[in-house]
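Worksheet: the structure to be examined is printed underneath.
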Amino acid sequence: MQHMVPTIVGSVQNMLEKWSYHEGKEIDVHEEFRILTSDVLSKTAFGSSYVEGQKIFEKLGRLLSLVTANNLRVDLPIIGKLLNYYTNSEADELEKEIRESFMQIIRKRIEKKDSGELNYYGSDYLGLLVAANQETDEEKKVTIDTLIDECKTAYFAGQDTTMALLSWVIFVLAIHTDWQEKARKEVFDLFDDKHPTTSDNNLAKMKIMTMIVNETFRLYPPALTLRRLVPCEVRLGKILLPPQSHIVIPTLVGHTDPQIWGEDVHVFRPDRFAEGVAKAATNTNVFLPFGMGPRICVAQNFAGTEAKLALSMILQRYSFSLSPSYVHCPIQSFSVFPQQGIPIIIHKL
Ligand code: HEM
């Protein structure tokens, strides 16, 4: 994790350089975080930059909106058939293009190894996957289709969610300026005006920031549902689940149950997490921002580090308030995101 910190800090610095032209003015942080999280993920997981990864992100985003539209589609005779035909063929075309884009990145990585530019396939996520694909032991080998699927998952799962988290944290801090001040004080106490680092376990010492992030996760969980497919007949308490049942776990329901969190469940109150997650409610097994069990998010530490570094660097430079043009309209796509963006006004400290 530590070796990725300079890359993340560099990407945040690039973003903040752009912000310097918006001081005293409005800026849509949701859009800013789209670029930041795409750049960080492209560089740390795939060894490329946002510019190279941009085409893939755009195509995956388009594919996602087609899939979402298809899921929500109302079947109409004739028109429905035409729409469906159009949508499916566009989705197929996109799938092909996305596959080709990943193949280019993969080929480039293999060439680097073969030409001696890299000793191995690289220590990032892509490097580990390519190494598994080049494995000569057939039992350990990962097929090219699996490799591409894993790349798609990481792109989707890694970018959209972190962008949503950062956006909602800035949103709540722009409204609750007392918590913005507390977080800023903690950042200055730990790092002064220097770049934040992970040395001395610094990020783990960020108590206020962790409380704010957890409370934001509770109210705005990027993943609104967790899903499981039941492989064989299973008894769950009094319910017998047949094989191939789909289970949907609605995270927000558990996160906003007054019997678990108290009557102030809809109030932004980070101090409920003051004693850690376990003591924040009567049953914190329902707190599932990263899921649970064997399929829990593989990158929760990475996401937490990226978010804390970016938020710290923003708090070191700017105070911010919500723009009057903001419209509260959270909507679910892959993650829950602010449909009209998050316009804030930034003031240099
Ligand atoms: C704030 C940021 C993030 C949130 C809230 C989040 C949340 C989640 C959730 C809820 C799941 C499903 C867990 C389950 O079903 O039990 C998941 C899975 C996953 N996440 Fe994340 N995630 C985040 C960031 C990332 C990042 C940055 C990456 C990659 C670099 C990533 C990669 C993955 C992968 C590959 C899986 C699938 C794991 C599996 O099926 O075994 N996530 N994430």
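How things are named: the first chain in the structure tokens is A, the next is B, and so on; residues count from 1 in each chain; ligands count from 1 in the order shown.
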Note to self: Report as a list in words all protein, DNA and RNA residues lying within 9 Å of A:Leu311, evaluated on only C-alpha atoms, omitting residues in the same chain fewer than 2 positions from it.
What the structure shows: Leu166, Val169, Ile170, Met209, Glu306, Ala307, Lys308, Leu309, Met313, Ile314, Leu315 and Gln316 of chain A
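Those residues in stretch 26-237 of chain A carrying a DSSP assignment of strand (DSSP E), computed from the backbone, are Glu26, Ile27, Asp28, Thr225, Leu226, Arg227, Arg228, Leu229, Val234, Arg235 and Leu236 of chain A.
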Can I get the residues of chain A within 9 Å of ligand 1, each with the closest pair of atoms and their distance in Å to one decimal, using only C-alpha atoms and all ligand atoms, sorted chain first then ascending number, as JSON lines?
{"residue": "A:Thr37", "atom": "CA", "partner": "ligand 1", "partner_atom_place_in_ligand_line": "27 (C)", "distance": 8.4}
{"residue": "A:Leu41", "atom": "CA", "partner": "ligand 1", "partner_atom_place_in_ligand_line": "30 (C)", "distance": 6.3}
{"residue": "A:Thr44", "atom": "CA", "partner": "ligand 1", "partner_atom_place_in_ligand_line": "30 (C)", "distance": 8.2}
{"residue": "A:Ala45", "atom": "CA", "partner": "ligand 1", "partner_atom_place_in_ligand_line": "30 (C)", "distance": 6.5}
{"residue": "A:Tyr125", "atom": "CA", "partner": "ligand 1", "partner_atom_place_in_ligand_line": "30 (C)", "distance": 8.0}
{"residue": "A:Glu150", "atom": "CA", "partner": "ligand 1", "partner_atom_place_in_ligand_line": "35 (C)", "distance": 6.8}
{"residue": "A:Cys151", "atom": "CA", "partner": "ligand 1", "partner_atom_place_in_ligand_line": "35 (C)", "distance": 8.3}
{"residue": "A:Lys152", "atom": "CA", "partner": "ligand 1", "partner_atom_place_in_ligand_line": "35 (C)", "distance": 8.9}
{"residue": "A:Thr153", "atom": "CA", "partner": "ligand 1", "partner_atom_place_in_ligand_line": "35 (C)", "distance": 5.6}
{"residue": "A:Ala154", "atom": "CA", "partner": "ligand 1", "partner_atom_place_in_ligand_line": "29 (C)", "distance": 4.7}
{"residue": "A:Tyr155", "atom": "CA", "partner": "ligand 1", "partner_atom_place_in_ligand_line": "29 (C)", "distance": 6.9}
{"residue": "A:Phe156", "atom": "CA", "partner": "ligand 1", "partner_atom_place_in_ligand_line": "32 (C)", "distance": 7.9}
{"residue": "A:Ala157", "atom": "CA", "partner": "ligand 1", "partner_atom_place_in_ligand_line": "42 (N)", "distance": 4.7}
{"residue": "A:Gly158", "atom": "CA", "partner": "ligand 1", "partner_atom_place_in_ligand_line": "26 (C)", "distance": 3.2}
{"residue": "A:Gln159", "atom": "CA", "partner": "ligand 1", "partner_atom_place_in_ligand_line": "27 (C)", "distance": 6.1}
{"residue": "A:Asp160", "atom": "CA", "partner": "ligand 1", "partner_atom_place_in_ligand_line": "2 (C)", "distance": 7.8}
{"residue": "A:Thr161", "atom": "CA", "partner": "ligand 1", "partner_atom_place_in_ligand_line": "2 (C)", "distance": 4.5}
{"residue": "A:Thr162", "atom": "CA", "partner": "ligand 1", "partner_atom_place_in_ligand_line": "1 (C)", "distance": 4.0}
{"residue": "A:Met163", "atom": "CA", "partner": "ligand 1", "partner_atom_place_in_ligand_line": "1 (C)", "distance": 7.4}
{"residue": "A:Ala164", "atom": "CA", "partner": "ligand 1", "partner_atom_place_in_ligand_line": "1 (C)", "distance": 7.2}
{"residue": "A:Leu165", "atom": "CA", "partner": "ligand 1", "partner_atom_place_in_ligand_line": "1 (C)", "distance": 5.3}
{"residue": "A:Leu166", "atom": "CA", "partner": "ligand 1", "partner_atom_place_in_ligand_line": "1 (C)", "distance": 7.9}
{"residue": "A:Phe217", "atom": "CA", "partner": "ligand 1", "partner_atom_place_in_ligand_line": "5 (C)", "distance": 7.5}
{"residue": "A:Pro221", "atom": "CA", "partner": "ligand 1", "partner_atom_place_in_ligand_line": "5 (C)", "distance": 6.6}
{"residue": "A:Pro222", "atom": "CA", "partner": "ligand 1", "partner_atom_place_in_ligand_line": "5 (C)", "distance": 5.2}
{"residue": "A:Ala223", "atom": "CA", "partner": "ligand 1", "partner_atom_place_in_ligand_line": "10 (C)", "distance": 5.1}
{"residue": "A:Leu224", "atom": "CA", "partner": "ligand 1", "partner_atom_place_in_ligand_line": "10 (C)", "distance": 8.0}
{"residue": "A:Thr225", "atom": "CA", "partner": "ligand 1", "partner_atom_place_in_ligand_line": "10 (C)", "distance": 7.6}
{"residue": "A:Leu226", "atom": "CA", "partner": "ligand 1", "partner_atom_place_in_ligand_line": "15 (O)", "distance": 5.1}
{"residue": "A:Arg227", "atom": "CA", "partner": "ligand 1", "partner_atom_place_in_ligand_line": "15 (O)", "distance": 6.1}
{"residue": "A:Arg228", "atom": "CA", "partner": "ligand 1", "partner_atom_place_in_ligand_line": "15 (O)", "distance": 7.3}
{"residue": "A:Thr251", "atom": "CA", "partner": "ligand 1", "partner_atom_place_in_ligand_line": "10 (C)", "distance": 8.8}
{"residue": "A:Leu288", "atom": "CA", "partner": "ligand 1", "partner_atom_place_in_ligand_line": "10 (C)", "distance": 6.9}
{"residue": "A:Pro289", "atom": "CA", "partner": "ligand 1", "partner_atom_place_in_ligand_line": "5 (C)", "distance": 5.2}
{"residue": "A:Phe290", "atom": "CA", "partner": "ligand 1", "partner_atom_place_in_ligand_line": "10 (C)", "distance": 3.9}
{"residue": "A:Gly291", "atom": "CA", "partner": "ligand 1", "partner_atom_place_in_ligand_line": "16 (O)", "distance": 3.3}
{"residue": "A:Met292", "atom": "CA", "partner": "ligand 1", "partner_atom_place_in_ligand_line": "16 (O)", "distance": 4.2}
{"residue": "A:Gly293", "atom": "CA", "partner": "ligand 1", "partner_atom_place_in_ligand_line": "16 (O)", "distance": 6.0}
{"residue": "A:Pro294", "atom": "CA", "partner": "ligand 1", "partner_atom_place_in_ligand_line": "41 (O)", "distance": 6.7}
{"residue": "A:Arg295", "atom": "CA", "partner": "ligand 1", "partner_atom_place_in_ligand_line": "41 (O)", "distance": 3.9}
{"residue": "A:Ile296", "atom": "CA", "partner": "ligand 1", "partner_atom_place_in_ligand_line": "16 (O)", "distance": 4.0}
{"residue": "A:Cys297", "atom": "CA", "partner": "ligand 1", "partner_atom_place_in_ligand_line": "18 (C)", "distance": 3.7}
{"residue": "A:Val298", "atom": "CA", "partner": "ligand 1", "partner_atom_place_in_ligand_line": "33 (C)", "distance": 5.2}
{"residue": "A:Ala299", "atom": "CA", "partner": "ligand 1", "partner_atom_place_in_ligand_line": "28 (C)", "distance": 4.7}
{"residue": "A:Gln300", "atom": "CA", "partner": "ligand 1", "partner_atom_place_in_ligand_line": "24 (C)", "distance": 5.8}
{"residue": "A:Asn301", "atom": "CA", "partner": "ligand 1", "partner_atom_place_in_ligand_line": "27 (C)", "distance": 8.5}
{"residue": "A:Phe302", "atom": "CA", "partner": "ligand 1", "partner_atom_place_in_ligand_line": "27 (C)", "distance": 6.0}
{"residue": "A:Ala303", "atom": "CA", "partner": "ligand 1", "partner_atom_place_in_ligand_line": "27 (C)", "distance": 4.7}
{"residue": "A:Gly304", "atom": "CA", "partner": "ligand 1", "partner_atom_place_in_ligand_line": "1 (C)", "distance": 6.8}
{"residue": "A:Glu306", "atom": "CA", "partner": "ligand 1", "partner_atom_place_in_ligand_line": "27 (C)", "distance": 8.2}
{"residue": "A:Ala307", "atom": "CA", "partner": "ligand 1", "partner_atom_place_in_ligand_line": "1 (C)", "distance": 7.6}
{"residue": "A:Ser335", "atom": "CA", "partner": "ligand 1", "partner_atom_place_in_ligand_line": "5 (C)", "distance": 8.4}
Note to self: Could you list, as a ChimeraX atom specification, every residue within 12 Å of A:Thr305, counting only C-alpha atoms and ignoring same-chain residues fewer than 4 positions away?
What the structure shows: /A:1-9,40,162,166,196-198,201-204,206,209-210,213,299-301,309-312
Would you save the residues of that selection, restricted to C-alpha atoms, as a PDB file, in the first residue's frame?
ATOM      1  CA  MET A   1       0.000   0.000   0.000  1.00  0.00           C
ATOM      2  CA  GLN A   2       2.793   2.375   1.031  1.00  0.00           C
ATOM      3  CA  HIS A   3       4.379   2.391  -2.447  1.00  0.00           C
ATOM      4  CA  MET A   4       1.096   3.647  -3.940  1.00  0.00           C
ATOM      5  CA  VAL A   5       0.910   6.727  -1.682  1.00  0.00           C
ATOM      6  CA  PRO A   6       3.139   8.999  -3.854  1.00  0.00           C
ATOM      7  CA  THR A   7       1.016   8.131  -6.907  1.00  0.00           C
ATOM      8  CA  ILE A   8      -2.212   8.988  -5.090  1.00  0.00           C
ATOM      9  CA  VAL A   9      -0.733  12.197  -3.647  1.00  0.00           C
ATOM     10  CA  VAL A  40      -5.551   6.798  -9.389  1.00  0.00           C
ATOM     11  CA  THR A 162     -14.555   5.736  -4.301  1.00  0.00           C
ATOM     12  CA  LEU A 166     -15.455  11.303  -1.725  1.00  0.00           C
ATOM     13  CA  PRO A 196      -0.015  13.385   4.294  1.00  0.00           C
ATOM     14  CA  THR A 197       1.862  10.095   4.545  1.00  0.00           C
ATOM     15  CA  THR A 198       1.130   6.613   5.829  1.00  0.00           C
ATOM     16  CA  ASN A 201       0.517   4.679  10.919  1.00  0.00           C
ATOM     17  CA  ASN A 202      -0.670   8.252  10.495  1.00  0.00           C
ATOM     18  CA  LEU A 203      -3.848   7.570   8.570  1.00  0.00           C
ATOM     19  CA  ALA A 204      -4.942   5.043  11.184  1.00  0.00           C
ATOM     20  CA  MET A 206      -7.222   9.894  12.047  1.00  0.00           C
ATOM     21  CA  MET A 209     -11.839  11.496   9.733  1.00  0.00           C
ATOM     22  CA  THR A 210     -12.666   7.809  10.292  1.00  0.00           C
ATOM     23  CA  VAL A 213     -16.193   8.508   6.684  1.00  0.00           C
ATOM     24  CA  ALA A 299      -9.621  -3.140  -1.696  1.00  0.00           C
ATOM     25  CA  GLN A 300     -11.157  -1.586   1.410  1.00  0.00           C
ATOM     26  CA  ASN A 301      -7.766  -0.525   2.758  1.00  0.00           C
ATOM     27  CA  LEU A 309      -5.201  11.231   1.542  1.00  0.00           C
ATOM     28  CA  ALA A 310      -7.438  13.173  -0.856  1.00  0.00           C
ATOM     29  CA  LEU A 311      -9.672  14.613   1.891  1.00  0.00           C
ATOM     30  CA  SER A 312      -6.654  15.624   3.984  1.00  0.00           C
TER      31      SER A 312
END
Next item on the list: Write out as a PyMOL selection string the residues lying within 10 Å of A:His30, counting only C-alpha atoms and excluding same-chain residues fewer than 3 positions away.
Entry: chain A and resi 27+33-36+163-168+170-171+337-344
Margin query: As an exercise, work out the distance from atom CA of A:Leu349 to atom CA of A:Asn14 in Å and give it to one decimal place.
Written below: 18.4 Å
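You will find atom CA of A:Tyr220 at 17.8 Å from atom CA of A:Val248.
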Check: So which bits of stretch 248-288 of chain A end up helix (DSSP H, G or I) when you DSSP the backbone, as a ChimeraX atom specification?
Finding: /A:251-255,258-261,270-273,277-279,284-286
Resulting file, chosen residues, N, CA and C atoms, as a compact mmCIF listing (two decimals), in the first residue's frame:
# COMPACT_ATOMS: atom_id res chain seq x y z
N THR A 251 -28.52 -2.67 1.88
CA THR A 251 -27.66 -2.13 2.95
C THR A 251 -28.31 -0.93 3.64
N LEU A 252 -28.95 -0.06 2.86
CA LEU A 252 -29.47 1.18 3.45
C LEU A 252 -30.55 0.89 4.50
N VAL A 253 -31.28 -0.21 4.34
CA VAL A 253 -32.33 -0.54 5.31
C VAL A 253 -31.69 -0.77 6.68
N GLY A 254 -30.62 -1.57 6.71
CA GLY A 254 -29.93 -1.83 7.98
C GLY A 254 -29.24 -0.58 8.52
N HIS A 255 -28.74 0.24 7.60
CA HIS A 255 -28.00 1.45 8.03
C HIS A 255 -28.92 2.52 8.62
N PRO A 258 -34.01 2.55 13.02
CA PRO A 258 -33.96 3.27 14.30
C PRO A 258 -33.80 2.33 15.50
N GLN A 259 -34.26 1.07 15.36
CA GLN A 259 -34.11 0.13 16.49
C GLN A 259 -32.64 -0.22 16.72
N ILE A 260 -31.83 -0.08 15.67
CA ILE A 260 -30.41 -0.43 15.78
C ILE A 260 -29.55 0.80 16.08
N TRP A 261 -29.90 1.94 15.45
CA TRP A 261 -29.03 3.12 15.55
C TRP A 261 -29.59 4.20 16.47
N PRO A 270 -21.40 11.92 13.32
CA PRO A 270 -20.23 11.05 13.28
C PRO A 270 -19.82 10.53 14.65
N ASP A 271 -20.16 11.28 15.72
CA ASP A 271 -19.70 10.85 17.05
C ASP A 271 -20.34 9.54 17.49
N ARG A 272 -21.36 9.05 16.77
CA ARG A 272 -21.88 7.73 17.15
C ARG A 272 -20.79 6.66 16.94
N PHE A 273 -19.78 7.00 16.07
CA PHE A 273 -18.68 6.06 15.82
C PHE A 273 -17.44 6.36 16.67
N VAL A 277 -16.66 1.09 15.32
CA VAL A 277 -17.88 0.59 14.68
C VAL A 277 -18.67 -0.30 15.65
N ALA A 278 -17.97 -1.16 16.36
CA ALA A 278 -18.65 -2.16 17.21
C ALA A 278 -19.57 -1.52 18.24
N LYS A 279 -19.22 -0.30 18.70
CA LYS A 279 -20.03 0.32 19.76
C LYS A 279 -20.99 1.40 19.23
N THR A 284 -24.02 -3.98 14.91
CA THR A 284 -23.31 -3.37 13.78
C THR A 284 -23.01 -4.38 12.66
N ASN A 285 -23.56 -5.61 12.79
CA ASN A 285 -23.43 -6.55 11.66
C ASN A 285 -24.18 -6.03 10.44
N VAL A 286 -25.08 -5.06 10.68
CA VAL A 286 -25.84 -4.52 9.55
C VAL A 286 -25.07 -3.40 8.85
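For the residues A:Val172, A:Asp200, A:Ala132, A:Ile144, ranking by smallest atom-to-atom distance to A:Glu100 using only C-alpha atoms places A:Ile144 first.
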Notebook entry, point to check: In Å to one decimal, how far is atom CA of A:Gly122 from atom CA of A:Phe46?
Noted result: 9.4 Å
Note to self: So that I can check the surroundings of A:Asp178, please list as a ChimeraX atom specification every protein, DNA and RNA residue that reaches within 12 Å of it, counting only C-alpha atoms and ignoring chain neighbours fewer than 3 positions away.
What the structure shows: /A:172-175,181-185,208,212,268-270,319-321
Writing out the chosen residues with N, CA, C and O atoms as a short mmCIF file (atom, residue, chain, number, x, y, z; two decimals), in the first residue's frame:
data_model
loop_
_atom_site.label_atom_id
_atom_site.label_comp_id
_atom_site.auth_asym_id
_atom_site.auth_seq_id
_atom_site.Cartn_x
_atom_site.Cartn_y
_atom_site.Cartn_z
N VAL A 172 -21.40 16.33 2.94
CA VAL A 172 -21.79 16.46 4.36
C VAL A 172 -20.91 17.48 5.08
O VAL A 172 -21.41 18.24 5.93
N LEU A 173 -19.62 17.54 4.71
CA LEU A 173 -18.75 18.52 5.38
C LEU A 173 -19.06 19.96 4.94
O LEU A 173 -18.83 20.91 5.70
N ALA A 174 -19.57 20.09 3.72
CA ALA A 174 -19.94 21.43 3.24
C ALA A 174 -21.16 21.95 4.01
O ALA A 174 -21.32 23.16 4.19
N ILE A 175 -21.99 21.04 4.48
CA ILE A 175 -23.18 21.45 5.26
C ILE A 175 -22.83 21.55 6.74
O ILE A 175 -23.17 22.52 7.40
N GLU A 181 -14.40 21.70 10.33
CA GLU A 181 -13.36 22.33 11.14
C GLU A 181 -12.62 21.29 11.99
O GLU A 181 -11.39 21.30 12.09
N LYS A 182 -13.41 20.38 12.60
CA LYS A 182 -12.78 19.34 13.44
C LYS A 182 -11.83 18.48 12.60
O LYS A 182 -10.72 18.14 13.02
N ALA A 183 -12.30 18.12 11.40
CA ALA A 183 -11.46 17.27 10.52
C ALA A 183 -10.20 18.03 10.12
O ALA A 183 -9.10 17.47 10.11
N ARG A 184 -10.36 19.32 9.79
CA ARG A 184 -9.20 20.12 9.37
C ARG A 184 -8.17 20.21 10.50
O ARG A 184 -6.96 20.09 10.28
N LYS A 185 -8.66 20.41 11.72
CA LYS A 185 -7.75 20.52 12.88
C LYS A 185 -6.94 19.22 13.00
O LYS A 185 -5.73 19.25 13.21
N ILE A 208 -11.16 11.42 13.90
CA ILE A 208 -12.30 12.23 13.43
C ILE A 208 -12.65 11.88 11.98
O ILE A 208 -13.82 11.67 11.64
N ILE A 212 -16.14 10.42 10.44
CA ILE A 212 -16.90 11.11 9.37
C ILE A 212 -17.12 10.17 8.18
O ILE A 212 -18.22 10.08 7.64
N PHE A 268 -26.98 13.31 10.65
CA PHE A 268 -25.53 13.12 10.46
C PHE A 268 -24.84 13.36 11.80
O PHE A 268 -24.80 14.49 12.30
N ARG A 269 -24.38 12.29 12.42
CA ARG A 269 -23.79 12.41 13.76
C ARG A 269 -22.57 11.47 13.83
O ARG A 269 -22.65 10.35 14.37
N PRO A 270 -21.40 11.92 13.32
CA PRO A 270 -20.23 11.05 13.28
C PRO A 270 -19.82 10.53 14.65
O PRO A 270 -19.22 9.46 14.77
N SER A 319 -11.35 25.80 2.62
CA SER A 319 -12.63 25.59 3.33
C SER A 319 -13.69 25.65 2.22
O SER A 319 -13.44 26.21 1.15
N PHE A 320 -14.82 25.04 2.46
CA PHE A 320 -15.81 24.97 1.38
C PHE A 320 -17.23 24.96 1.94
O PHE A 320 -17.47 24.54 3.07
N SER A 321 -18.14 25.47 1.10
CA SER A 321 -19.56 25.46 1.47
C SER A 321 -20.37 25.02 0.26
O SER A 321 -19.88 25.07 -0.88
#
Checklist line | A:Tyr318, A:Tyr326, A:Val29, A:Asp39 ranked by distance to A:Lys348, top pick (using only C-alpha atoms) | finding: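 Residue with the minimum atom-to-atom distance to A:Lys348: A:Tyr318.
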Checklist line | Nearby residues (only C-alpha atoms) at most 10 Å from A:Val130, same-chain spacing under 3 positions excluded, as JSON, numbers by chain | finding: {"A": [106, 107, 109, 110, 120, 121, 122, 125, 126, 127, 133, 134, 135, 141, 142, 143, 144, 147, 148]}
Note to self: Neighbouring residues of stretch 20-24 of chain A were defined as those with any atom within 8 Å, considering only C-alpha atoms; residues of the same chain fewer than 2 positions away were excluded. Please report them as number ranges by chain.
What the structure shows: A: 16-18, 26-27, 345-348
Residue selection dump (N, CA, C and O atoms) as a PDB file, in the first residue's frame:
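Contents of the output file result.pdb:
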ATOM      1  N   LEU A  16      -5.780  19.493  -7.449  1.00  0.00           N
ATOM      2  CA  LEU A  16      -5.842  20.749  -6.682  1.00  0.00           C
ATOM      3  C   LEU A  16      -5.221  21.921  -7.451  1.00  0.00           C
ATOM      4  O   LEU A  16      -5.608  23.068  -7.254  1.00  0.00           O
ATOM      5  N   GLU A  17      -4.268  21.601  -8.322  1.00  0.00           N
ATOM      6  CA  GLU A  17      -3.705  22.673  -9.157  1.00  0.00           C
ATOM      7  C   GLU A  17      -4.801  23.289 -10.015  1.00  0.00           C
ATOM      8  O   GLU A  17      -4.890  24.497 -10.176  1.00  0.00           O
ATOM      9  N   LYS A  18      -5.664  22.429 -10.535  1.00  0.00           N
ATOM     10  CA  LYS A  18      -6.801  22.904 -11.345  1.00  0.00           C
ATOM     11  C   LYS A  18      -7.759  23.742 -10.488  1.00  0.00           C
ATOM     12  O   LYS A  18      -8.317  24.736 -10.937  1.00  0.00           O
ATOM     13  N   GLU A  26     -17.534  28.433  -7.905  1.00  0.00           N
ATOM     14  CA  GLU A  26     -18.186  27.120  -7.759  1.00  0.00           C
ATOM     15  C   GLU A  26     -17.393  26.042  -8.511  1.00  0.00           C
ATOM     16  O   GLU A  26     -16.843  26.318  -9.569  1.00  0.00           O
ATOM     17  N   ILE A  27     -17.379  24.852  -7.941  1.00  0.00           N
ATOM     18  CA  ILE A  27     -16.747  23.726  -8.645  1.00  0.00           C
ATOM     19  C   ILE A  27     -17.566  22.467  -8.350  1.00  0.00           C
ATOM     20  O   ILE A  27     -18.033  22.286  -7.215  1.00  0.00           O
ATOM     21  N   ILE A 345     -18.524  25.881  -3.146  1.00  0.00           N
ATOM     22  CA  ILE A 345     -17.715  27.087  -3.337  1.00  0.00           C
ATOM     23  C   ILE A 345     -16.464  26.903  -2.482  1.00  0.00           C
ATOM     24  O   ILE A 345     -16.578  26.585  -1.286  1.00  0.00           O
ATOM     25  N   ILE A 346     -15.292  27.051  -3.106  1.00  0.00           N
ATOM     26  CA  ILE A 346     -14.060  26.821  -2.350  1.00  0.00           C
ATOM     27  C   ILE A 346     -13.387  28.152  -1.988  1.00  0.00           C
ATOM     28  O   ILE A 346     -13.371  29.074  -2.792  1.00  0.00           O
ATOM     29  N   HIS A 347     -12.852  28.202  -0.768  1.00  0.00           N
ATOM     30  CA  HIS A 347     -12.154  29.402  -0.301  1.00  0.00           C
ATOM     31  C   HIS A 347     -10.762  28.991   0.155  1.00  0.00           C
ATOM     32  O   HIS A 347     -10.633  28.077   0.986  1.00  0.00           O
ATOM     33  N   LYS A 348      -9.750  29.662  -0.396  1.00  0.00           N
ATOM     34  CA  LYS A 348      -8.360  29.328  -0.019  1.00  0.00           C
ATOM     35  C   LYS A 348      -8.143  29.685   1.454  1.00  0.00           C
ATOM     36  O   LYS A 348      -8.620  30.720   1.916  1.00  0.00           O
TER      37      LYS A 348
END
Check: Taking into account only C-alpha atoms, which residue in the set A:Asn214, A:Glu32, A:Phe287, A:Lys207 is nearest to A:Asp189?
Finding: A:Lys207
Margin query: Using only C-alpha atoms for the distances, tell me which of A:Glu275, A:Arg317, A:Asp137, A:Val267 is nearest to A:Asp192.
Written below: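 Looking only at the distances to A:Asp192, the closest residue turns out to be A:Arg317.
Using only C-alpha atoms, the nearest neighbour of A:Ser333 within the list A:Leu64, A:Gly237, A:Lys55, A:Met15 is A:Leu64.
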